[in-house]
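Enquirer: Please read through the structure below; I'll follow up with questions.
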Amino acid sequence: KAKQRDLGVRGKATTFASYNPTFMDLVRRELHADYKEDDLLSAGLRIMTTLDPRIQALAEQRLKEGLDELEISRKRKPGSLDGAIVVTGTQTPDVLAIVGGRNARMQGFNRALDAKRPIGSLVKPVVYLAGFESGRYTAATQLEDAPLNIRLDTGKIWSPQNYDHQYRGPVPAIRALAESLNTPTVRIGMDVGPKKVAGLLKSLGMSKAPPPLPSLLLGAVDLSPMEVAQVYNSLGNGGFHAPLKAVRAVLDVDGKPLERYQLKIDRAADPSAVAQLTTSMLQVVDRGTARGARRW
């Protein structure tokens with residue numbers, strides 16, 4: 001009789017991973033650092049995560065819409081482009097949402113965690129931060145936006161140019177950052193040294209410092225969206241680095257905590273320099289290359 005009774009379960013049973021394999025991929029990677037595979041599969045553990053389902057749903061929707069718009073504007077075949085999104089807390093290292101590809105329900109290559117691409121101008125705030133930390137630069141320092149030639153160790157000459165091939169003469173650092181100007185950025189970076197910039201990237205969240213080459217100053221370094229999110233999360237936290245996490249706590253079959261994942265916080269950069277950088281970065285949206293975001 002008990003066997004034939006209805007269980008009283010609404011709907012069909014399913015696993016959370018089928019809804020969100022990308023986020024579950026990150027959860028598994030975190031758990032595997034502390035637990036054996038057999039324990040995870042058979043011990044009846046309950047995992048408390050940082051996922052925000054509302055933000056996750058919005059992120060999945062926005063990625064698809066953004067890719068569709070790009071394909072139309074660039075006259076690409078529908079479905080030919082793909083991407084990823086990582087959303088973290090603003091004052092916490094909590095990962096609130098991850099989208100690993102256009103089809104968020106399909107398991108496979110996790111672009112959010114594993115797709116490494118050159119980060120380009122995303123490195124520029126770190127270059128300016130290195131300048132601010134040196135004490136030789138402030139947001140008001142005048143920088144020369146003019147043609148620049150740098151002799152490399154190979155003997156070749158590197159001549160970085162601005163994206164529009166125009167030069168503006170003397171500009172304050174805050175404007176150079178807001179408008180993503182290349183030559184003033186390289187001037188600061190070469191003055192403080194690419195090695196200083198590489199070291200800052202590591203402090204802010206990279207697993208290891210990238211090669212300190214001049215090209216690093218314009219983003220010639222391959223990172224995943226997750227790694228970039230880690231660097232920017234440290235900037236958002238005032239220069240304090242805490243490893244991004246998807247797991248809050250692990251409970252046993254009786255609901256008792258086996259392990260709580262405590263925050264591990266390290267000072268990655270001078271907070272006063274980060275505050276100056278953050279103020280400067282607001283101009284990117286107000287007057288700079290991201291002013292189109294204001295319409296949202």
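In the structure tokens, each chain is lettered A, B, ... as it comes, each chain's residues begin at 1, and ligands are numbered from 1 in order of appearance.
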Skip Gly288 (chain A) itself and residues of its chain fewer than 6 positions away, then list as a list in words all residues within 9 Å of it, counting only C-alpha atoms.

Expert: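 So, after excluding close chain neighbours, the residues are Arg175, Leu177, Ala178, Glu179, Ser180 and Leu282 of chain A.
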
Enquirer: As a PyMOL selection string, please: every residue in region 100-268 of chain A that DSSP puts in helix (DSSP H, G or I).

Expert: chain A and resi 111-114+120-134+173-178+182-192+194-204+214-218+225-236

Enquirer: Any chance you could tabulate, as a Markdown table, the residues of region 228-291 of chain A at most 7 Å from region 205-213 of chain A with each one's nearest atom pair and distance in Å to one decimal, using only C-alpha atoms, in chain and rising number order?

Expert:
```
| residue | atom | partner | partner_atom | distance |
| --- | --- | --- | --- | --- |
| A:Gln230 | CA | A:Gly205 | CA | 5.5 |
| A:Val231 | CA | A:Gly205 | CA | 5.0 |
| A:His241 | CA | A:Gly205 | CA | 6.8 |
```

Enquirer: For Val27 (chain A), list every protein, DNA or RNA residue within 10 Å, evaluated using only C-alpha atoms, and leave out those in the same chain fewer than 6 positions away; present the list as a count of residues only.

Expert: 8

Enquirer: Could I get the residues of region 221-287 of chain A with an atom no further than 7 Å from an atom of region 85-103 of chain A, each paired with its nearest atom pair and that distance in Å to one decimal, using only C-alpha atoms, sorted by chain and residue number, as JSON lines?

Expert:
```
{"residue": "A:Pro225", "atom": "CA", "partner": "A:Val86", "partner_atom": "CA", "distance": 6.6}
{"residue": "A:Met226", "atom": "CA", "partner": "A:Val86", "partner_atom": "CA", "distance": 6.3}
{"residue": "A:Ala229", "atom": "CA", "partner": "A:Val86", "partner_atom": "CA", "distance": 6.7}
{"residue": "A:Asn233", "atom": "CA", "partner": "A:Thr90", "partner_atom": "CA", "distance": 6.9}
{"residue": "A:Gly236", "atom": "CA", "partner": "A:Thr90", "partner_atom": "CA", "distance": 6.1}
{"residue": "A:Asn237", "atom": "CA", "partner": "A:Gln91", "partner_atom": "CA", "distance": 5.4}
{"residue": "A:Ala242", "atom": "CA", "partner": "A:Pro93", "partner_atom": "CA", "distance": 6.0}
{"residue": "A:Pro243", "atom": "CA", "partner": "A:Pro93", "partner_atom": "CA", "distance": 6.3}
{"residue": "A:Leu244", "atom": "CA", "partner": "A:Pro93", "partner_atom": "CA", "distance": 4.5}
{"residue": "A:Lys245", "atom": "CA", "partner": "A:Asp94", "partner_atom": "CA", "distance": 5.4}
{"residue": "A:Ala246", "atom": "CA", "partner": "A:Val95", "partner_atom": "CA", "distance": 5.4}
```

Enquirer: Please write the residues from the selection above to a file, keeping N, CA and C atoms, as a PDB file, in the first residue's frame.

Expert:
```
ATOM      1  N   PRO A 225      36.370  35.300 -18.561  1.00  0.00           N
ATOM      2  CA  PRO A 225      35.450  36.254 -17.930  1.00  0.00           C
ATOM      3  C   PRO A 225      35.486  36.176 -16.406  1.00  0.00           C
ATOM      4  N   MET A 226      35.655  34.964 -15.860  1.00  0.00           N
ATOM      5  CA  MET A 226      35.708  34.800 -14.409  1.00  0.00           C
ATOM      6  C   MET A 226      36.928  35.507 -13.824  1.00  0.00           C
ATOM      7  N   ALA A 229      36.344  39.207 -13.898  1.00  0.00           N
ATOM      8  CA  ALA A 229      35.403  39.550 -12.836  1.00  0.00           C
ATOM      9  C   ALA A 229      36.109  39.590 -11.481  1.00  0.00           C
ATOM     10  N   ASN A 233      36.210  42.814  -9.244  1.00  0.00           N
ATOM     11  CA  ASN A 233      35.589  42.692  -7.935  1.00  0.00           C
ATOM     12  C   ASN A 233      36.520  43.245  -6.858  1.00  0.00           C
ATOM     13  N   GLY A 236      36.250  46.900  -7.016  1.00  0.00           N
ATOM     14  CA  GLY A 236      34.975  47.312  -6.437  1.00  0.00           C
ATOM     15  C   GLY A 236      34.967  47.221  -4.924  1.00  0.00           C
ATOM     16  N   ASN A 237      35.837  46.373  -4.373  1.00  0.00           N
ATOM     17  CA  ASN A 237      35.929  46.216  -2.922  1.00  0.00           C
ATOM     18  C   ASN A 237      36.988  47.126  -2.320  1.00  0.00           C
ATOM     19  N   ALA A 242      39.234  39.189  -2.350  1.00  0.00           N
ATOM     20  CA  ALA A 242      38.665  37.984  -1.738  1.00  0.00           C
ATOM     21  C   ALA A 242      38.284  37.048  -2.878  1.00  0.00           C
ATOM     22  N   PRO A 243      38.698  35.788  -2.848  1.00  0.00           N
ATOM     23  CA  PRO A 243      38.404  34.870  -3.950  1.00  0.00           C
ATOM     24  C   PRO A 243      36.901  34.765  -4.206  1.00  0.00           C
ATOM     25  N   LEU A 244      36.504  34.900  -5.463  1.00  0.00           N
ATOM     26  CA  LEU A 244      35.096  34.745  -5.812  1.00  0.00           C
ATOM     27  C   LEU A 244      34.630  33.344  -5.427  1.00  0.00           C
ATOM     28  N   LYS A 245      33.396  33.246  -4.964  1.00  0.00           N
ATOM     29  CA  LYS A 245      32.897  31.950  -4.507  1.00  0.00           C
ATOM     30  C   LYS A 245      31.434  31.773  -4.874  1.00  0.00           C
ATOM     31  N   ALA A 246      31.064  30.497  -5.081  1.00  0.00           N
ATOM     32  CA  ALA A 246      29.675  30.139  -5.367  1.00  0.00           C
ATOM     33  C   ALA A 246      29.064  29.341  -4.222  1.00  0.00           C
TER      34      ALA A 246
END
```

Enquirer: Return the single residue from A:Ala176, A:Ala115, A:Ala273, A:Ala104 that is closest to Gln142 (chain A), with distances computed using only C-alpha atoms.

Expert: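 Among A:Ala176, A:Ala115, A:Ala273, A:Ala104, it is A:Ala176 that comes nearest to Gln142 (chain A).
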
Enquirer: Could you list, with a cut-off of 9 Å and counting only C-alpha atoms, the residues of region 93-148 of chain A near region 160-169 of chain A, each shown with its nearest atom pair and the distance in Å rounded to one decimal, rows sorted by chain and ascending number, as CSV?

Expert:
```
residue,atom,partner,partner_atom,distance
A:Leu143,CA,A:Gly169,CA,8.1
A:Glu144,CA,A:Gly169,CA,5.6
A:Asp145,CA,A:Gly169,CA,4.8
A:Ala146,CA,A:Tyr167,CA,5.4
A:Pro147,CA,A:Gln161,CA,7.0
A:Leu148,CA,A:Pro160,CA,6.5
```

Enquirer: Please determine, counting only C-alpha atoms, which residue among A:Val284, A:Arg248, A:Val253, A:Phe240 has the shortest atom-to-atom distance to Arg267 (chain A).

Expert: A:Phe240

Enquirer: Would you work out the distance separating CA of Gln276 (chain A) from CA of Gly199 (chain A), expressed in Å to one decimal?

Expert: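 CA of Gly199 (chain A) lies 19.4 Å from CA of Gln276 (chain A).
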